[in-house]
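The next block is target33.txt, given as compact mmCIF, C-alpha atoms.
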```
# COMPACT_ATOMS: atom_id res chain seq x y z
CA MET J 1 0.00 0.00 0.00
CA ALA J 2 2.80 2.37 1.01
CA SER J 3 4.81 1.63 -2.14
CA LYS J 4 1.71 2.31 -4.23
CA GLN J 5 1.27 5.73 -2.64
CA LYS J 6 4.89 6.62 -3.36
CA ASN J 7 4.37 5.97 -7.09
CA VAL J 8 1.46 8.39 -7.31
CA THR J 9 2.26 11.49 -9.32
CA PRO J 10 1.34 14.95 -7.97
CA GLU J 11 -1.46 15.17 -10.56
CA GLN J 12 -2.86 11.85 -9.45
CA GLN J 13 -2.62 12.90 -5.81
CA LYS J 14 -4.46 16.10 -6.62
CA TYR J 15 -7.13 14.12 -8.43
CA GLN J 16 -7.48 11.74 -5.49
CA GLN J 17 -8.00 14.68 -3.13
CA LEU J 18 -10.60 16.15 -5.48
CA GLN J 19 -12.34 12.79 -5.73
CA GLN J 20 -12.41 12.42 -1.94
CA LYS J 21 -13.89 15.89 -1.66
CA HIS J 22 -16.76 15.13 -4.05
CA GLU J 23 -17.29 11.50 -3.08
CA LYS J 24 -20.76 10.85 -1.68
CA GLN J 25 -20.68 9.40 1.81
CA ARG J 26 -22.32 6.01 2.14
CA PRO J 27 -25.40 6.25 4.44
CA VAL J 28 -24.34 3.25 6.52
CA LEU J 29 -26.74 3.85 9.41
CA LYS J 30 -29.72 4.42 7.10
CA ASN J 31 -28.88 1.23 5.17
CA CYS J 32 -28.58 -0.73 8.42
CA ILE J 33 -31.97 0.51 9.65
CA ARG J 34 -33.62 -0.35 6.32
CA ALA J 35 -32.00 -3.81 6.28
CA PHE J 36 -33.04 -4.41 9.89
CA PHE J 37 -36.71 -3.58 9.31
CA VAL J 38 -37.11 -5.28 5.93
CA GLY J 39 -35.17 -8.37 7.08
CA GLY J 40 -37.29 -8.43 10.24
CA LEU J 41 -40.48 -8.13 8.20
CA ILE J 42 -39.44 -11.08 6.03
CA CYS J 43 -38.80 -13.10 9.20
CA VAL J 44 -42.22 -12.13 10.61
CA ILE J 45 -43.84 -13.36 7.38
CA GLY J 46 -41.83 -16.60 7.68
CA GLN J 47 -42.98 -17.02 11.30
CA ALA J 48 -46.61 -16.45 10.28
CA ILE J 49 -46.27 -19.07 7.53
CA SER J 50 -44.77 -21.59 9.97
CA TYR J 51 -47.66 -20.97 12.43
CA PHE J 52 -50.06 -21.47 9.51
CA TYR J 53 -48.52 -24.90 8.79
CA ILE J 54 -48.62 -25.84 12.49
CA TYR J 55 -52.28 -24.78 12.84
CA PHE J 56 -53.73 -26.27 9.67
CA PHE J 57 -51.40 -29.15 8.79
CA ASN J 58 -49.73 -31.95 10.68
CA PHE J 59 -46.34 -30.27 11.03
CA THR J 60 -44.54 -30.08 14.36
CA GLU J 61 -42.20 -27.31 15.47
CA GLN J 62 -39.24 -29.51 14.49
CA ASN J 63 -40.22 -30.18 10.88
CA VAL J 64 -42.22 -27.03 10.07
CA GLY J 65 -39.01 -25.34 8.87
CA ASN J 66 -38.97 -27.36 5.63
CA PRO J 67 -42.32 -26.25 4.15
CA THR J 68 -41.78 -22.71 5.48
CA VAL J 69 -38.42 -22.36 3.71
CA ALA J 70 -39.89 -23.85 0.53
CA THR J 71 -42.80 -21.40 0.62
CA MET J 72 -40.58 -18.38 1.28
CA VAL J 73 -38.18 -19.31 -1.54
CA PHE J 74 -41.13 -19.90 -3.88
CA LEU J 75 -42.67 -16.51 -2.97
CA SER J 76 -39.37 -14.69 -3.54
CA MET J 77 -38.98 -16.47 -6.90
CA ILE J 78 -42.44 -15.30 -7.97
CA LEU J 79 -41.74 -11.76 -6.76
CA THR J 80 -38.39 -11.76 -8.61
CA GLY J 81 -40.20 -12.82 -11.79
CA PHE J 82 -42.59 -9.90 -11.41
CA GLY J 83 -39.72 -7.51 -10.71
CA VAL J 84 -40.87 -6.65 -7.18
CA TYR J 85 -38.03 -8.31 -5.26
CA ASP J 86 -35.40 -6.35 -7.24
CA ARG J 87 -36.90 -3.08 -6.04
CA LEU J 88 -37.04 -4.42 -2.49
CA GLY J 89 -33.39 -5.46 -2.85
CA GLN J 90 -32.42 -1.96 -3.95
CA PHE J 91 -34.22 -0.48 -0.96
CA ALA J 92 -33.21 -2.95 1.77
CA GLY J 93 -29.85 -4.35 0.56
CA ALA J 94 -28.67 -7.12 2.88
CA GLY J 95 -32.08 -7.15 4.60
CA SER J 96 -33.54 -8.85 1.54
CA ALA J 97 -30.43 -10.81 0.48
CA VAL J 98 -29.46 -12.51 3.75
CA PRO J 99 -32.78 -14.31 4.54
CA VAL J 100 -33.56 -17.48 2.60
CA THR J 101 -35.66 -15.42 0.18
CA GLY J 102 -32.39 -13.98 -1.17
CA PHE J 103 -31.51 -17.48 -2.35
CA GLY J 104 -34.64 -17.69 -4.50
CA ASN J 105 -33.88 -14.25 -5.88
CA ALA J 106 -30.29 -15.26 -6.76
CA VAL J 107 -31.49 -18.35 -8.68
CA ILE J 108 -34.27 -16.67 -10.65
CA SER J 109 -32.50 -13.40 -11.44
CA ALA J 110 -29.56 -15.38 -12.93
CA ALA J 111 -32.03 -17.49 -14.94
CA ILE J 112 -33.82 -14.39 -16.27
CA GLU J 113 -30.53 -12.69 -17.11
CA HIS J 114 -29.29 -15.58 -19.27
CA ARG J 115 -32.56 -16.72 -20.83
CA THR J 116 -31.58 -15.29 -24.23
CA GLU J 117 -28.71 -17.79 -24.39
CA GLY J 118 -31.13 -20.74 -24.49
CA PHE J 119 -32.72 -23.04 -21.96
CA VAL J 120 -29.84 -25.49 -21.52
CA LEU J 121 -26.68 -23.42 -21.81
CA GLY J 122 -28.33 -20.15 -20.75
CA VAL J 123 -30.90 -20.82 -18.04
CA GLY J 124 -29.68 -24.27 -16.97
CA GLY J 125 -26.01 -23.43 -17.07
CA ASN J 126 -26.22 -20.11 -15.27
CA MET J 127 -29.15 -20.62 -12.88
CA PHE J 128 -26.89 -21.73 -10.04
CA LYS J 129 -24.04 -19.37 -10.85
CA LEU J 130 -24.60 -17.41 -7.62
CA ALA J 131 -26.63 -19.85 -5.55
CA GLY J 132 -24.49 -22.86 -6.45
CA SER J 133 -21.63 -21.75 -4.20
CA VAL J 134 -24.11 -21.26 -1.32
CA LEU J 135 -25.50 -24.77 -1.84
CA LEU J 136 -22.05 -26.32 -2.11
CA PHE J 137 -20.84 -24.53 0.99
CA GLY J 138 -23.97 -25.60 2.92
CA VAL J 139 -23.65 -29.25 1.91
CA PHE J 140 -19.92 -29.36 2.57
CA ALA J 141 -20.23 -27.57 5.95
CA ALA J 142 -23.03 -29.98 6.98
CA PHE J 143 -20.82 -32.93 5.97
CA VAL J 144 -17.87 -31.65 8.04
CA VAL J 145 -20.05 -30.92 11.11
CA ALA J 146 -21.73 -34.36 10.83
CA LEU J 147 -18.31 -36.00 10.56
CA ILE J 148 -17.05 -34.19 13.68
CA ARG J 149 -20.22 -35.06 15.58
CA THR J 150 -20.00 -38.73 14.56
CA LEU J 151 -16.37 -38.94 15.64
CA LEU J 152 -17.11 -37.21 18.98
CA SER J 153 -20.04 -39.53 19.70
CA MET J 154 -17.90 -42.54 18.75
CA TRP J 155 -15.28 -41.45 21.27
CA GLY J 156 -17.97 -40.90 23.89
CA VAL J 157 -17.49 -37.13 24.23
CA LEU J 158 -21.08 -36.33 23.20
CA MET P 1 -52.09 11.81 -4.64
CA LEU P 2 -52.27 8.25 -5.95
CA ASN P 3 -50.47 7.04 -2.85
CA ILE P 4 -53.02 8.73 -0.58
CA TYR P 5 -55.88 7.00 -2.47
CA ARG P 6 -54.06 3.68 -2.17
CA ALA P 7 -53.55 4.21 1.57
CA ILE P 8 -57.25 5.07 2.04
CA ILE P 9 -58.36 1.95 0.13
CA PHE P 10 -55.94 -0.22 2.10
CA MET P 11 -57.07 1.19 5.45
CA SER P 12 -60.77 0.81 4.51
CA CYS P 13 -60.24 -2.84 3.55
CA LEU P 14 -58.30 -3.44 6.77
CA PHE P 15 -61.03 -1.89 8.95
CA LEU P 16 -63.81 -3.74 7.10
CA LEU P 17 -62.05 -7.06 7.49
CA THR P 18 -61.10 -6.62 11.14
CA ALA P 19 -64.37 -5.01 12.31
CA CYS P 20 -66.33 -8.25 11.87
CA GLY P 21 -64.12 -10.14 14.28
CA VAL P 22 -64.52 -7.86 17.31
CA ASN P 23 -67.54 -9.44 19.01
CA GLN P 24 -66.69 -13.03 18.17
CA GLN P 25 -65.56 -15.27 20.99
CA THR P 26 -62.19 -16.77 20.27
CA LYS P 27 -61.28 -20.24 21.37
CA ASP P 28 -58.12 -20.73 23.44
CA SER P 29 -56.70 -22.99 20.76
CA GLN P 30 -56.85 -20.18 18.18
CA LEU P 31 -54.34 -18.09 20.08
CA THR P 32 -52.53 -20.74 22.04
CA LEU P 33 -49.24 -20.25 20.21
CA MET P 34 -49.22 -16.54 21.01
CA LYS P 35 -50.51 -16.27 24.58
CA THR P 36 -50.51 -18.15 27.86
CA THR P 37 -53.57 -20.43 28.03
CA ASN P 38 -52.85 -22.66 31.06
CA PRO P 39 -55.38 -25.35 30.05
CA THR P 40 -57.02 -27.37 32.84
CA PRO P 41 -55.30 -30.73 33.25
CA PHE P 42 -57.61 -33.61 32.34
CA VAL P 43 -57.99 -37.36 32.16
CA THR P 44 -59.44 -39.00 29.04
CA ASP P 45 -61.32 -41.46 31.28
CA HIS P 46 -64.22 -39.55 32.95
CA HIS P 47 -64.46 -41.98 35.84
CA LYS P 48 -60.96 -41.29 37.10
CA SER P 49 -60.13 -38.33 39.34
CA ASN P 50 -57.93 -35.56 37.97
CA LYS P 51 -56.14 -34.91 41.28
CA LEU P 52 -52.97 -36.57 40.04
CA VAL P 53 -52.79 -34.54 36.81
CA LYS P 54 -53.33 -31.32 38.77
CA GLN P 55 -50.45 -32.23 41.06
CA ILE P 56 -48.27 -33.03 38.03
CA GLU P 57 -49.12 -29.64 36.52
CA LYS P 58 -48.10 -27.90 39.77
CA ASP P 59 -44.80 -29.79 39.83
CA VAL P 60 -43.97 -28.89 36.24
CA SER P 61 -45.03 -25.24 36.67
CA SER P 62 -42.58 -24.94 39.58
CA PHE P 63 -39.69 -24.95 37.09
CA PRO P 64 -38.75 -21.25 36.58
CA PRO P 65 -38.10 -21.46 32.77
CA ILE P 66 -41.53 -23.03 32.13
CA TYR P 67 -44.66 -20.87 31.83
CA ASP P 68 -47.59 -22.69 30.24
CA VAL P 69 -48.31 -26.32 31.12
CA ALA P 70 -50.82 -28.83 29.75
CA VAL P 71 -51.19 -32.29 31.28
CA VAL P 72 -53.33 -35.13 29.91
CA LYS P 73 -53.59 -38.61 31.32
CA GLY P 74 -54.70 -41.43 29.07
CA LYS P 75 -55.17 -45.10 29.95
CA LYS P 76 -51.46 -45.91 29.82
CA ASP P 77 -49.48 -42.74 29.15
CA THR P 78 -49.38 -39.29 30.73
CA LEU P 79 -48.59 -36.44 28.36
CA VAL P 80 -46.89 -33.35 29.76
CA VAL P 81 -46.48 -30.38 27.39
CA TYR P 82 -45.09 -26.98 28.28
CA LYS P 83 -43.76 -23.75 26.82
CA VAL P 84 -40.30 -22.45 27.66
CA LYS P 85 -39.48 -18.77 28.21
CA HIS P 86 -37.57 -17.28 25.29
CA LEU P 87 -34.19 -16.72 26.94
CA HIS P 88 -34.20 -20.28 28.28
CA ARG P 89 -34.92 -21.89 24.92
CA PHE P 90 -31.19 -22.50 24.41
CA LYS P 91 -31.39 -25.13 27.17
CA MET P 92 -34.49 -26.96 25.93
CA LYS P 93 -32.94 -30.44 26.07
CA LYS P 94 -31.66 -29.96 29.61
CA ILE P 95 -35.06 -28.66 30.77
CA GLU P 96 -36.80 -31.68 29.19
CA LYS P 97 -34.33 -34.02 30.87
CA ASP P 98 -34.81 -32.34 34.27
CA VAL P 99 -38.62 -32.38 34.01
CA THR P 100 -38.67 -36.05 32.98
CA ALA P 101 -36.25 -37.00 35.78
CA LYS P 102 -38.30 -35.17 38.41
CA LEU P 103 -41.60 -36.66 37.27
CA GLU P 104 -40.26 -40.19 36.96
CA LYS P 105 -38.75 -39.96 40.43
CA LYS P 106 -41.93 -38.62 42.04
CA TYR P 107 -44.43 -40.77 40.12
CA PRO P 108 -42.59 -44.02 39.35
CA LYS P 109 -45.78 -45.85 38.32
CA GLU P 110 -46.67 -43.37 35.55
CA ASN P 111 -45.43 -43.58 31.98
CA PHE P 112 -44.53 -40.00 31.00
CA THR P 113 -44.23 -38.43 27.58
CA VAL P 114 -42.69 -34.96 27.89
CA SER P 115 -42.61 -32.40 25.09
CA SER P 116 -42.15 -28.68 24.54
CA ASP P 117 -43.33 -28.68 20.92
CA TYR P 118 -45.93 -26.05 19.96
CA LYS P 119 -47.83 -28.49 17.74
CA ILE P 120 -48.25 -30.98 20.60
CA PHE P 121 -49.34 -28.14 22.89
CA LEU P 122 -51.89 -26.93 20.33
CA GLU P 123 -53.33 -30.43 19.80
CA THR P 124 -53.56 -30.94 23.59
CA VAL P 125 -55.48 -27.67 23.98
CA ARG P 126 -57.78 -28.64 21.08
CA LEU P 127 -58.46 -32.04 22.70
CA ASN P 128 -59.12 -30.32 26.04
CA GLU P 129 -61.66 -27.98 24.41
CA LYS P 130 -63.44 -30.90 22.74
CA MET P 131 -63.56 -32.80 26.03
CA GLN P 132 -64.96 -29.80 27.90
CA SER P 133 -67.65 -29.08 25.30
CA LYS P 134 -68.35 -32.86 25.14
CA ASP P 135 -67.91 -32.86 21.37
CA ILE P 136 -65.89 -36.04 21.54
CA SER P 137 -66.59 -39.47 23.05
CA GLU P 138 -64.28 -41.03 25.62
CA LYS P 139 -63.15 -43.64 23.10
CA ASP P 140 -62.36 -41.06 20.42
CA ALA P 141 -60.56 -38.88 22.97
CA GLU P 142 -58.33 -41.80 23.95
CA LYS P 143 -57.68 -42.51 20.26
CA ARG P 144 -56.76 -38.86 19.59
CA PHE P 145 -54.60 -38.83 22.71
CA LYS P 146 -52.68 -41.87 21.43
CA GLU P 147 -52.17 -40.10 18.08
CA ILE P 148 -50.71 -37.05 19.86
CA VAL P 149 -48.35 -39.26 21.89
CA LYS P 150 -47.31 -41.03 18.67
CA LEU P 151 -46.59 -37.64 17.05
CA THR P 152 -44.30 -36.81 20.00
CA LYS P 153 -42.44 -40.11 19.63
CA ASP P 154 -42.05 -39.65 15.85
CA MET P 155 -40.03 -36.48 16.47
CA LYS P 156 -37.38 -38.25 18.57
```

Here is a file; write its structure as structure tokens.
Amino acid sequence: MASKQKNVTPEQQKYQQLQQKHEKQRPVLKNCIRAFFVGGLICVIGQAISYFYIYFFNFTEQNVGNPTVATMVFLSMILTGFGVYDRLGQFAGAGSAVPVTGFGNAVISAAIEHRTEGFVLGVGGNMFKLAGSVLLFGVFAAFVVALIRTLLSMWGVL
Amino acid sequence: MLNIYRAIIFMSCLFLLTACGVNQQTKDSQLTLMKTTNPTPFVTDHHKSNKLVKQIEKDVSSFPPIYDVAVVKGKKDTLVVYKVKHLHRFKMKKIEKDVTAKLEKKYPKENFTVSSDYKIFLETVRLNEKMQSKDISEKDAEKRFKEIVKLTKDMK
């Protein structure tokens, strides 16, 4: 970093100062508040859906997570298709990307983006471009944790 | 201007939809996941006294992390369901272990099924309501009770 700064010419330094002067400050606090409320709202909707499954179907608290996640991902996919989730994403940032609904958005937006390239090489090949790494990481992390747990229970620690 | 019209239409719909529900009596089971209901402990067999189940409810309620307890006694099993306060939910397994140990020590003849699952709690409250309004026969109540116990065992 220091060596880079030494190589900067006086003109470049001047330009950097000018750029810093006119650079718009990121509204970090405002973004955090927006993300907090929108993310919280998505979680409230998820909680309401899980109560709905507990009330009207034979799901227990332990297995209600599966249909709830499926429903939330499906809803976000539909909303992405209609272009609503993109606007929400622009407004809330991480608040809409971090919950599981962000996963549905990542899959569908990549599919829409590459649909002109064809169904197989375009949609099929690029659908999991963003979400694929999340899936792989999840599966691999679950495998490692399960392996550790199995070893610990074999040794009698757990 | 368009936004104001939208807000007015939304508020009108909201008021119209919620106004009808004001004077309706709500059953405990409708709100059981959101508020404390403390259902009366009961026995599926009408001829048996419910003294024992009341005592069991008192014992379980004496645990500080627990706040809503439902106890049902069938022919063979006794089902104990409770809710755990939010900050204590990290220690759910330990609480379940402690409750089971205490009950088995105090009532060695009983066969306990202990759960803190909301679904089991809801079904217990629903069964209790049916028993109180006599909408269900003793035989059907015992059958439903066995189904609830089976649901608890399926989770483990």

Residues of chain J within 7 Å of chain P, counting all atoms listed in the file, as a VMD selection string: chain J and resid 54 60 to 61

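For the pair CA of Lys73 in chain P and CA of Phe52 in chain J, the interatomic distance is 28.0 Å.
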
Skipping near chain neighbours, those fewer than 6 positions away, what residues fall within 10 Å of Phe37 in chain J using all atoms listed in the file, listed as a list in words? Cys43, Ala92, Gly95 and Ser96 of chain J

I'd like the neighbourhood of Thr78 in chain P as an mmCIF file with C-alpha atoms, keeping the file's coordinate frame, where a residue qualifies if any of its atoms comes within 8 Å (using all atoms listed in the file), though same-chain residues fewer than 6 positions away should be ignored.
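Final output, saved to part08.cif:
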```
data_model
loop_
_atom_site.group_PDB
_atom_site.id
_atom_site.type_symbol
_atom_site.label_atom_id
_atom_site.label_comp_id
_atom_site.auth_asym_id
_atom_site.auth_seq_id
_atom_site.Cartn_x
_atom_site.Cartn_y
_atom_site.Cartn_z
ATOM 1 C CA VAL P 71 -51.190 -32.290 31.280
ATOM 2 C CA VAL P 72 -53.330 -35.130 29.910
ATOM 3 C CA GLU P 110 -46.670 -43.370 35.550
ATOM 4 C CA ASN P 111 -45.430 -43.580 31.980
ATOM 5 C CA PHE P 112 -44.530 -40.000 31.000
ATOM 6 C CA THR P 113 -44.230 -38.430 27.580
#
```

Pairwise distance for CA of Lys83 in chain P and CA of Leu52 in chain P, rounded to one decimal in Å: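 CA of Lys83 in chain P sits 20.6 Å away from CA of Leu52 in chain P.
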
Skip range 128-132 of chain P itself and residues of its chain fewer than 4 positions away, then list as a VMD selection string all residues within 8 Å of it, counting only C-alpha atoms. chain P and resid 29 39 to 40 42 124 136 to 137 141

Report, in Å with one decimal, the straight-line distance from CA of Lys139 in chain P to CA of Thr44 in chain P. 8.4 Å

Taking 6 positions as the minimum chain separation for residues in the same chain, which residues sit within 12 Å of Tyr107 in chain P when counting all atoms listed in the file? Answer as a list of chain:residue names.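 Once the adjacent positions are removed, what remains is P:Leu52, P:Val53, P:Gln55, P:Ile56, P:Asp59, P:Thr78, P:Val99, P:Thr100, P:Ala101.
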
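Proximity of J:Gly125, J:Ile45, J:Val84, J:Gln16 to Glu113 in chain J, computed with all atoms listed in the file, is greatest for J:Gly125.
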
Which one is closest to Thr80 in chain J: J:Ile49, J:Ala110, J:Asn58, J:Asn66? Count only C-alpha atoms.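 Closest candidate: J:Ala110.
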
Tell me which protein, DNA and RNA residues are within 9 Å of range 31-36 of chain J, counting only C-alpha atoms, leaving out same-chain ones fewer than 2 positions away, and put them as a short mmCIF file (atom, residue, chain, number, x, y, z; two decimals) with C-alpha atoms, in the frame of the given file.
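And here is the file that came out, around-v4.cif:
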```cif
data_model
loop_
_atom_site.label_atom_id
_atom_site.label_comp_id
_atom_site.auth_asym_id
_atom_site.auth_seq_id
_atom_site.Cartn_x
_atom_site.Cartn_y
_atom_site.Cartn_z
CA ARG J 26 -22.32 6.01 2.14
CA PRO J 27 -25.40 6.25 4.44
CA VAL J 28 -24.34 3.25 6.52
CA LEU J 29 -26.74 3.85 9.41
CA VAL J 38 -37.11 -5.28 5.93
CA GLY J 39 -35.17 -8.37 7.08
CA GLY J 40 -37.29 -8.43 10.24
CA LEU J 41 -40.48 -8.13 8.20
CA PHE J 91 -34.22 -0.48 -0.96
CA ALA J 92 -33.21 -2.95 1.77
CA GLY J 93 -29.85 -4.35 0.56
CA ALA J 94 -28.67 -7.12 2.88
CA GLY J 95 -32.08 -7.15 4.60
CA SER J 96 -33.54 -8.85 1.54
#
```

Find the axis-aligned box for range 144-151 of chain P, covering all its listed atoms and adding 8 Å on each side, and write its centre and edge lengths in Å to one decimal as AutoDock Vina command-line options.
```
--center_x -51.7 --center_y -39.5 --center_z 19.9 --size_x 26.2 --size_y 20.8 --size_z 21.7
```

Can you work out which one of J:Met127, J:Leu147, J:Ile108, J:Leu18 has the shortest atom-to-atom distance to Gly83 in chain J, counting all atoms listed in the file?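 Among the listed residues, the smallest separation from Gly83 in chain J belongs to J:Ile108.
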